[in-house]
$ cat run01.cif   # mmCIF, C-alpha atoms; chains and numbers go by the auth columns
data_query
#
loop_
_atom_site.group_PDB
_atom_site.id
_atom_site.type_symbol
_atom_site.label_atom_id
_atom_site.label_comp_id
_atom_site.label_asym_id
_atom_site.label_seq_id
_atom_site.Cartn_x
_atom_site.Cartn_y
_atom_site.Cartn_z
_atom_site.B_iso_or_equiv
_atom_site.auth_seq_id
_atom_site.auth_asym_id
ATOM 1 C CA MET A 1 10.947 -23.556 -75.147 0.00 607 A
ATOM 2 C CA VAL A 2 12.758 -20.746 -73.347 0.00 608 A
ATOM 3 C CA ARG A 3 14.191 -21.614 -69.959 0.00 609 A
ATOM 4 C CA MET A 4 14.759 -18.887 -67.456 0.00 610 A
ATOM 5 C CA ALA A 5 17.299 -19.105 -64.706 0.00 611 A
ATOM 6 C CA PHE A 6 15.903 -19.593 -61.239 0.00 612 A
ATOM 7 C CA HIS A 7 17.439 -17.514 -58.511 0.00 613 A
ATOM 8 C CA PRO A 8 16.402 -18.569 -55.014 0.00 614 A
ATOM 9 C CA PRO A 9 15.545 -15.742 -52.616 0.00 615 A
ATOM 10 C CA ILE A 10 18.224 -14.466 -50.271 0.00 616 A
ATOM 11 C CA PRO A 11 18.002 -16.299 -46.930 0.00 617 A
ATOM 12 C CA PRO A 12 17.255 -14.043 -43.942 0.00 618 A
ATOM 13 C CA GLU A 13 20.605 -14.768 -42.266 0.00 619 A
ATOM 14 C CA HIS A 14 22.420 -13.212 -45.251 0.00 620 A
ATOM 15 C CA LEU A 15 20.372 -10.010 -45.316 0.00 621 A
ATOM 16 C CA PRO A 16 21.810 -6.914 -43.647 0.00 622 A
ATOM 17 C CA PRO A 17 20.057 -5.926 -40.405 0.00 623 A
ATOM 18 C CA PRO A 18 17.417 -3.204 -40.835 0.00 624 A
ATOM 19 C CA ARG A 19 18.505 0.253 -39.765 0.00 625 A
ATOM 20 C CA PRO A 20 16.189 1.939 -37.273 0.00 626 A
ATOM 21 C CA ALA A 21 14.681 5.220 -38.402 0.00 627 A
ATOM 22 C CA LYS A 22 15.734 8.257 -36.392 0.00 628 A
ATOM 23 C CA GLY A 23 13.824 11.144 -34.844 0.00 629 A
ATOM 24 C CA ALA A 24 11.088 12.720 -36.900 0.00 630 A
ATOM 25 C CA VAL A 25 11.328 10.113 -39.646 0.00 631 A
ATOM 26 C CA ASN A 26 10.519 7.389 -37.112 0.00 632 A
ATOM 27 C CA ALA A 27 7.474 9.334 -35.943 0.00 633 A
ATOM 28 C CA LEU A 28 6.277 9.806 -39.530 0.00 634 A
ATOM 29 C CA VAL A 29 6.745 6.127 -40.340 0.00 635 A
ATOM 30 C CA GLN A 30 4.761 5.092 -37.268 0.00 636 A
ATOM 31 C CA ALA A 31 2.022 7.652 -37.998 0.00 637 A
ATOM 32 C CA GLU A 32 1.736 6.429 -41.596 0.00 638 A
ATOM 33 C CA SER A 33 1.394 2.818 -40.502 0.00 639 A
ATOM 34 C CA LEU A 34 -1.355 3.779 -38.065 0.00 640 A
ATOM 35 C CA MET A 35 -3.129 5.908 -40.698 0.00 641 A
ATOM 36 C CA GLN A 36 -3.456 2.798 -42.844 0.00 642 A
ATOM 37 C CA ILE A 37 -5.903 1.459 -40.259 0.00 643 A
ATOM 38 C CA ALA A 38 -8.280 4.330 -41.032 0.00 644 A
ATOM 39 C CA PHE A 39 -8.343 3.410 -44.724 0.00 645 A
ATOM 40 C CA ILE A 40 -8.442 -0.381 -44.526 0.00 646 A
ATOM 41 C CA LEU A 41 -11.805 -0.822 -42.804 0.00 647 A
ATOM 42 C CA PRO A 42 -13.885 1.391 -45.133 0.00 648 A
ATOM 43 C CA SER A 43 -12.109 0.176 -48.254 0.00 649 A
ATOM 44 C CA ALA A 44 -12.540 -3.512 -47.317 0.00 650 A
ATOM 45 C CA THR A 45 -16.228 -2.861 -46.621 0.00 651 A
ATOM 46 C CA LEU A 46 -16.681 -1.070 -49.938 0.00 652 A
ATOM 47 C CA ILE A 47 -14.849 -3.781 -51.876 0.00 653 A
ATOM 48 C CA GLY A 48 -16.898 -6.507 -50.167 0.00 654 A
ATOM 49 C CA TRP A 49 -20.156 -4.711 -50.902 0.00 655 A
ATOM 50 C CA GLY A 50 -19.146 -4.015 -54.520 0.00 656 A
ATOM 51 C CA GLY A 51 -18.108 -7.617 -55.106 0.00 657 A
ATOM 52 C CA GLY A 52 -21.296 -8.909 -53.506 0.00 658 A
ATOM 53 C CA TRP A 53 -23.439 -6.497 -55.509 0.00 659 A
ATOM 54 C CA TRP A 54 -21.725 -7.497 -58.770 0.00 660 A
ATOM 55 C CA ILE A 55 -22.093 -11.233 -58.097 0.00 661 A
ATOM 56 C CA GLY A 56 -25.672 -10.670 -56.927 0.00 662 A
ATOM 57 C CA SER A 57 -26.522 -8.804 -60.123 0.00 663 A
ATOM 58 C CA LYS A 58 -25.105 -11.624 -62.240 0.00 664 A
ATOM 59 C CA LEU A 59 -26.950 -14.314 -60.272 0.00 665 A
ATOM 60 C CA HIS A 60 -30.149 -12.239 -59.815 0.00 666 A
ATOM 61 C CA ALA A 61 -29.868 -12.540 -56.038 0.00 667 A
ATOM 62 C CA PRO A 62 -29.669 -9.078 -54.439 0.00 668 A
ATOM 63 C CA TRP A 63 -29.091 -10.502 -50.938 0.00 669 A
ATOM 64 C CA ILE A 64 -25.544 -11.491 -51.950 0.00 670 A
ATOM 65 C CA GLY A 65 -24.606 -7.794 -51.727 0.00 671 A
ATOM 66 C CA ILE A 66 -25.384 -7.874 -48.005 0.00 672 A
ATOM 67 C CA VAL A 67 -23.283 -11.025 -47.579 0.00 673 A
ATOM 68 C CA GLY A 68 -20.408 -9.304 -49.380 0.00 674 A
ATOM 69 C CA LEU A 69 -20.837 -6.266 -47.148 0.00 675 A
ATOM 70 C CA VAL A 70 -20.607 -8.402 -44.003 0.00 676 A
ATOM 71 C CA LEU A 71 -17.620 -10.352 -45.325 0.00 677 A
ATOM 72 C CA GLY A 72 -15.872 -7.096 -46.238 0.00 678 A
ATOM 73 C CA MET A 73 -16.434 -5.724 -42.735 0.00 679 A
ATOM 74 C CA VAL A 74 -15.101 -8.920 -41.163 0.00 680 A
ATOM 75 C CA ALA A 75 -12.039 -8.898 -43.422 0.00 681 A
ATOM 76 C CA GLY A 76 -11.444 -5.224 -42.617 0.00 682 A
ATOM 77 C CA MET A 77 -11.718 -5.827 -38.874 0.00 683 A
ATOM 78 C CA VAL A 78 -9.284 -8.736 -39.066 0.00 684 A
ATOM 79 C CA SER A 79 -6.781 -6.532 -40.901 0.00 685 A
ATOM 80 C CA VAL A 80 -7.265 -3.657 -38.463 0.00 686 A
ATOM 81 C CA ILE A 81 -6.761 -5.923 -35.451 0.00 687 A
ATOM 82 C CA ARG A 82 -3.627 -7.455 -36.982 0.00 688 A
ATOM 83 C CA MET A 83 -2.163 -4.030 -37.736 0.00 689 A
ATOM 84 C CA ALA A 84 -3.018 -2.702 -34.269 0.00 690 A
ATOM 85 C CA LEU A 85 -1.393 -5.702 -32.602 0.00 691 A
ATOM 86 C CA ALA A 86 1.675 -5.378 -34.814 0.00 692 A
ATOM 87 C CA ALA A 87 1.939 -1.670 -33.970 0.00 693 A
ATOM 88 C CA GLY A 88 1.724 -2.476 -30.279 0.00 694 A
ATOM 89 C CA ASN A 89 4.439 -5.131 -30.504 0.00 695 A
ATOM 90 C CA THR A 90 7.167 -2.902 -31.919 0.00 696 A
ATOM 91 C CA PRO A 91 10.361 -3.294 -29.880 0.00 697 A
ATOM 92 C CA SER A 92 11.306 -0.312 -27.776 0.00 698 A
ATOM 93 C CA LYS A 93 14.831 0.951 -27.157 0.00 699 A
ATOM 94 C CA LYS A 94 14.897 -0.810 -23.786 0.00 700 A
ATOM 95 C CA ASP A 95 14.072 -4.179 -25.368 0.00 701 A
ATOM 96 C CA SER A 96 16.596 -3.832 -28.194 0.00 702 A
ATOM 97 C CA SER A 97 19.566 -3.550 -25.805 0.00 703 A
ATOM 98 C CA ARG A 98 19.303 -7.212 -24.766 0.00 704 A
#
$ encode --input "run01.cif" --output "structure tokens"
Amino acid sequence: MVRMAFHPPIPPEHLPPPRPAKGAVNALVQAESLMQIAFILPSATLIGWGGGWWIGSKLHAPWIGIVGLVLGMVAGMVSVIRMALAAGNTPSKKDSSR
């Protein structure tokens, strides 16, 4: 039996502080994080519908595709709301001076 060494993760107090992005890079990073919202909802809906359709075809119950569609939309909305709240809670320069 081969034993591999276990290395515990680095505790947060030993990590270097994150460097804030400057100028145009900061704007691009924020725009990219907000563009993810536009892709998450349709992709979660499509994945939910596809999973429901596949399970429904295996179980000969076509209504499961509709359940998967609804679950995908709910999962997408939860992700969108979480991302929107996280984007709204980013610390501003005024808050970081404290």
$ atom_distance --input "run01.cif" --atom1 "atom CA of A:Ala644" --atom2 "atom CA of A:Val631"
20.5 Å
$ resolve_selection --input "run01.cif" --expression "the PyMOL selection byres ((chain A and resi 650-664) around 7)" --output "VMD selection string"
chain A and resid 646 to 649 665 to 675 677 to 679 681 to 682
$ resolve_selection --input "run01.cif" --expression "the PyMOL selection byres ((chain A and resi 689-695) around 10)" --output "PyMOL selection string"
chain A and resi 636+639-640+642-643+646+683-688+696-698
$ decode --input "run01.cif" --residues "stretch 620-669 of chain A" --atoms "N, CA and C atoms" --output "PDB file, in the first residue's frame"
ATOM      1  N   HIS A 620      -1.979  32.959   7.656  1.00  0.00           N
ATOM      2  CA  HIS A 620      -0.633  32.886   7.104  1.00  0.00           C
ATOM      3  C   HIS A 620      -0.591  33.248   5.616  1.00  0.00           C
ATOM      4  N   LEU A 621      -1.738  33.477   5.021  1.00  0.00           N
ATOM      5  CA  LEU A 621      -1.767  33.854   3.607  1.00  0.00           C
ATOM      6  C   LEU A 621      -1.474  35.341   3.471  1.00  0.00           C
ATOM      7  N   PRO A 622      -0.819  35.743   2.387  1.00  0.00           N
ATOM      8  CA  PRO A 622      -0.594  37.177   2.183  1.00  0.00           C
ATOM      9  C   PRO A 622      -1.921  37.859   1.855  1.00  0.00           C
ATOM     10  N   PRO A 623      -2.074  39.127   2.231  1.00  0.00           N
ATOM     11  CA  PRO A 623      -3.330  39.825   1.931  1.00  0.00           C
ATOM     12  C   PRO A 623      -3.493  40.001   0.428  1.00  0.00           C
ATOM     13  N   PRO A 624      -4.723  39.918  -0.081  1.00  0.00           N
ATOM     14  CA  PRO A 624      -4.924  40.085  -1.526  1.00  0.00           C
ATOM     15  C   PRO A 624      -4.642  41.523  -1.944  1.00  0.00           C
ATOM     16  N   ARG A 625      -4.028  41.665  -3.102  1.00  0.00           N
ATOM     17  CA  ARG A 625      -3.730  42.999  -3.615  1.00  0.00           C
ATOM     18  C   ARG A 625      -4.923  43.496  -4.418  1.00  0.00           C
ATOM     19  N   PRO A 626      -5.375  44.709  -4.169  1.00  0.00           N
ATOM     20  CA  PRO A 626      -6.501  45.223  -4.956  1.00  0.00           C
ATOM     21  C   PRO A 626      -6.072  45.514  -6.387  1.00  0.00           C
ATOM     22  N   ALA A 627      -6.968  45.221  -7.321  1.00  0.00           N
ATOM     23  CA  ALA A 627      -6.686  45.513  -8.723  1.00  0.00           C
ATOM     24  C   ALA A 627      -6.790  47.018  -8.937  1.00  0.00           C
ATOM     25  N   LYS A 628      -6.058  47.534  -9.912  1.00  0.00           N
ATOM     26  CA  LYS A 628      -6.010  48.975 -10.111  1.00  0.00           C
ATOM     27  C   LYS A 628      -6.611  49.367 -11.449  1.00  0.00           C
ATOM     28  N   GLY A 629      -7.317  50.491 -11.453  1.00  0.00           N
ATOM     29  CA  GLY A 629      -7.778  51.143 -12.672  1.00  0.00           C
ATOM     30  C   GLY A 629      -8.647  50.292 -13.559  1.00  0.00           C
ATOM     31  N   ALA A 630      -8.210  50.164 -14.806  1.00  0.00           N
ATOM     32  CA  ALA A 630      -8.990  49.473 -15.824  1.00  0.00           C
ATOM     33  C   ALA A 630      -9.098  47.981 -15.533  1.00  0.00           C
ATOM     34  N   VAL A 631      -8.083  47.418 -14.917  1.00  0.00           N
ATOM     35  CA  VAL A 631      -8.125  45.990 -14.591  1.00  0.00           C
ATOM     36  C   VAL A 631      -9.245  45.727 -13.590  1.00  0.00           C
ATOM     37  N   ASN A 632      -9.407  46.612 -12.616  1.00  0.00           N
ATOM     38  CA  ASN A 632     -10.470  46.471 -11.631  1.00  0.00           C
ATOM     39  C   ASN A 632     -11.832  46.526 -12.303  1.00  0.00           C
ATOM     40  N   ALA A 633     -11.991  47.423 -13.263  1.00  0.00           N
ATOM     41  CA  ALA A 633     -13.263  47.535 -13.974  1.00  0.00           C
ATOM     42  C   ALA A 633     -13.534  46.274 -14.789  1.00  0.00           C
ATOM     43  N   LEU A 634     -12.499  45.726 -15.422  1.00  0.00           N
ATOM     44  CA  LEU A 634     -12.685  44.497 -16.201  1.00  0.00           C
ATOM     45  C   LEU A 634     -13.020  43.306 -15.314  1.00  0.00           C
ATOM     46  N   VAL A 635     -12.386  43.228 -14.154  1.00  0.00           N
ATOM     47  CA  VAL A 635     -12.664  42.127 -13.236  1.00  0.00           C
ATOM     48  C   VAL A 635     -14.100  42.206 -12.742  1.00  0.00           C
ATOM     49  N   GLN A 636     -14.558  43.406 -12.401  1.00  0.00           N
ATOM     50  CA  GLN A 636     -15.937  43.558 -11.937  1.00  0.00           C
ATOM     51  C   GLN A 636     -16.926  43.274 -13.063  1.00  0.00           C
ATOM     52  N   ALA A 637     -16.632  43.722 -14.283  1.00  0.00           N
ATOM     53  CA  ALA A 637     -17.522  43.464 -15.411  1.00  0.00           C
ATOM     54  C   ALA A 637     -17.601  41.963 -15.707  1.00  0.00           C
ATOM     55  N   GLU A 638     -16.484  41.280 -15.607  1.00  0.00           N
ATOM     56  CA  GLU A 638     -16.477  39.828 -15.869  1.00  0.00           C
ATOM     57  C   GLU A 638     -17.302  39.095 -14.831  1.00  0.00           C
ATOM     58  N   SER A 639     -17.198  39.501 -13.574  1.00  0.00           N
ATOM     59  CA  SER A 639     -17.973  38.819 -12.537  1.00  0.00           C
ATOM     60  C   SER A 639     -19.460  39.074 -12.713  1.00  0.00           C
ATOM     61  N   LEU A 640     -19.829  40.242 -13.208  1.00  0.00           N
ATOM     62  CA  LEU A 640     -21.246  40.512 -13.452  1.00  0.00           C
ATOM     63  C   LEU A 640     -21.739  39.835 -14.732  1.00  0.00           C
ATOM     64  N   MET A 641     -20.844  39.622 -15.707  1.00  0.00           N
ATOM     65  CA  MET A 641     -21.252  38.920 -16.928  1.00  0.00           C
ATOM     66  C   MET A 641     -21.549  37.455 -16.659  1.00  0.00           C
ATOM     67  N   GLN A 642     -20.959  36.903 -15.604  1.00  0.00           N
ATOM     68  CA  GLN A 642     -21.245  35.515 -15.256  1.00  0.00           C
ATOM     69  C   GLN A 642     -22.722  35.325 -14.942  1.00  0.00           C
ATOM     70  N   ILE A 643     -23.359  36.350 -14.400  1.00  0.00           N
ATOM     71  CA  ILE A 643     -24.778  36.265 -14.063  1.00  0.00           C
ATOM     72  C   ILE A 643     -25.599  35.977 -15.316  1.00  0.00           C
ATOM     73  N   ALA A 644     -25.218  36.586 -16.435  1.00  0.00           N
ATOM     74  CA  ALA A 644     -25.963  36.394 -17.677  1.00  0.00           C
ATOM     75  C   ALA A 644     -25.851  34.968 -18.207  1.00  0.00           C
ATOM     76  N   PHE A 645     -24.812  34.251 -17.850  1.00  0.00           N
ATOM     77  CA  PHE A 645     -24.621  32.897 -18.343  1.00  0.00           C
ATOM     78  C   PHE A 645     -25.134  31.833 -17.378  1.00  0.00           C
ATOM     79  N   ILE A 646     -25.190  32.150 -16.102  1.00  0.00           N
ATOM     80  CA  ILE A 646     -25.554  31.133 -15.111  1.00  0.00           C
ATOM     81  C   ILE A 646     -27.019  30.728 -15.225  1.00  0.00           C
ATOM     82  N   LEU A 647     -27.913  31.694 -15.334  1.00  0.00           N
ATOM     83  CA  LEU A 647     -29.343  31.366 -15.353  1.00  0.00           C
ATOM     84  C   LEU A 647     -29.731  30.493 -16.553  1.00  0.00           C
ATOM     85  N   PRO A 648     -29.362  30.863 -17.789  1.00  0.00           N
ATOM     86  CA  PRO A 648     -29.732  29.977 -18.898  1.00  0.00           C
ATOM     87  C   PRO A 648     -29.030  28.621 -18.855  1.00  0.00           C
ATOM     88  N   SER A 649     -27.772  28.603 -18.425  1.00  0.00           N
ATOM     89  CA  SER A 649     -27.074  27.321 -18.400  1.00  0.00           C
ATOM     90  C   SER A 649     -27.639  26.406 -17.314  1.00  0.00           C
ATOM     91  N   ALA A 650     -27.991  26.951 -16.144  1.00  0.00           N
ATOM     92  CA  ALA A 650     -28.595  26.120 -15.097  1.00  0.00           C
ATOM     93  C   ALA A 650     -29.944  25.592 -15.557  1.00  0.00           C
ATOM     94  N   THR A 651     -30.713  26.412 -16.259  1.00  0.00           N
ATOM     95  CA  THR A 651     -32.012  25.967 -16.775  1.00  0.00           C
ATOM     96  C   THR A 651     -31.828  24.857 -17.798  1.00  0.00           C
ATOM     97  N   LEU A 652     -30.879  25.032 -18.698  1.00  0.00           N
ATOM     98  CA  LEU A 652     -30.630  24.021 -19.728  1.00  0.00           C
ATOM     99  C   LEU A 652     -30.129  22.717 -19.117  1.00  0.00           C
ATOM    100  N   ILE A 653     -29.238  22.810 -18.142  1.00  0.00           N
ATOM    101  CA  ILE A 653     -28.729  21.600 -17.494  1.00  0.00           C
ATOM    102  C   ILE A 653     -29.840  20.889 -16.728  1.00  0.00           C
ATOM    103  N   GLY A 654     -30.685  21.657 -16.033  1.00  0.00           N
ATOM    104  CA  GLY A 654     -31.814  21.052 -15.319  1.00  0.00           C
ATOM    105  C   GLY A 654     -32.781  20.365 -16.261  1.00  0.00           C
ATOM    106  N   TRP A 655     -33.102  21.031 -17.379  1.00  0.00           N
ATOM    107  CA  TRP A 655     -34.008  20.424 -18.347  1.00  0.00           C
ATOM    108  C   TRP A 655     -33.387  19.174 -18.970  1.00  0.00           C
ATOM    109  N   GLY A 656     -32.097  19.254 -19.333  1.00  0.00           N
ATOM    110  CA  GLY A 656     -31.428  18.100 -19.939  1.00  0.00           C
ATOM    111  C   GLY A 656     -31.348  16.919 -18.988  1.00  0.00           C
ATOM    112  N   GLY A 657     -31.021  17.198 -17.721  1.00  0.00           N
ATOM    113  CA  GLY A 657     -30.986  16.113 -16.737  1.00  0.00           C
ATOM    114  C   GLY A 657     -32.359  15.512 -16.502  1.00  0.00           C
ATOM    115  N   GLY A 658     -33.374  16.369 -16.419  1.00  0.00           N
ATOM    116  CA  GLY A 658     -34.739  15.870 -16.242  1.00  0.00           C
ATOM    117  C   GLY A 658     -35.219  15.081 -17.453  1.00  0.00           C
ATOM    118  N   TRP A 659     -34.874  15.550 -18.645  1.00  0.00           N
ATOM    119  CA  TRP A 659     -35.284  14.830 -19.853  1.00  0.00           C
ATOM    120  C   TRP A 659     -34.614  13.464 -19.917  1.00  0.00           C
ATOM    121  N   TRP A 660     -33.301  13.418 -19.559  1.00  0.00           N
ATOM    122  CA  TRP A 660     -32.576  12.149 -19.613  1.00  0.00           C
ATOM    123  C   TRP A 660     -33.144  11.159 -18.600  1.00  0.00           C
ATOM    124  N   ILE A 661     -33.369  11.615 -17.363  1.00  0.00           N
ATOM    125  CA  ILE A 661     -33.939  10.727 -16.348  1.00  0.00           C
ATOM    126  C   ILE A 661     -35.354  10.310 -16.748  1.00  0.00           C
ATOM    127  N   GLY A 662     -36.124  11.266 -17.284  1.00  0.00           N
ATOM    128  CA  GLY A 662     -37.480  10.948 -17.728  1.00  0.00           C
ATOM    129  C   GLY A 662     -37.500   9.934 -18.857  1.00  0.00           C
ATOM    130  N   SER A 663     -36.520  10.001 -19.761  1.00  0.00           N
ATOM    131  CA  SER A 663     -36.485   9.027 -20.848  1.00  0.00           C
ATOM    132  C   SER A 663     -36.102   7.638 -20.340  1.00  0.00           C
ATOM    133  N   LYS A 664     -35.269   7.582 -19.315  1.00  0.00           N
ATOM    134  CA  LYS A 664     -34.895   6.287 -18.749  1.00  0.00           C
ATOM    135  C   LYS A 664     -36.026   5.674 -17.932  1.00  0.00           C
ATOM    136  N   LEU A 665     -36.811   6.522 -17.266  1.00  0.00           N
ATOM    137  CA  LEU A 665     -37.904   6.026 -16.427  1.00  0.00           C
ATOM    138  C   LEU A 665     -39.251   6.047 -17.141  1.00  0.00           C
ATOM    139  N   HIS A 666     -39.273   6.450 -18.409  1.00  0.00           N
ATOM    140  CA  HIS A 666     -40.501   6.529 -19.210  1.00  0.00           C
ATOM    141  C   HIS A 666     -41.537   7.423 -18.536  1.00  0.00           C
ATOM    142  N   ALA A 667     -41.065   8.562 -18.032  1.00  0.00           N
ATOM    143  CA  ALA A 667     -41.933   9.548 -17.402  1.00  0.00           C
ATOM    144  C   ALA A 667     -41.535  10.929 -17.933  1.00  0.00           C
ATOM    145  N   PRO A 668     -42.180  11.389 -19.007  1.00  0.00           N
ATOM    146  CA  PRO A 668     -41.748  12.644 -19.628  1.00  0.00           C
ATOM    147  C   PRO A 668     -41.957  13.885 -18.754  1.00  0.00           C
ATOM    148  N   TRP A 669     -42.784  13.808 -17.736  1.00  0.00           N
ATOM    149  CA  TRP A 669     -43.026  14.960 -16.866  1.00  0.00           C
ATOM    150  C   TRP A 669     -41.806  15.308 -16.013  1.00  0.00           C
TER     151      TRP A 669
END
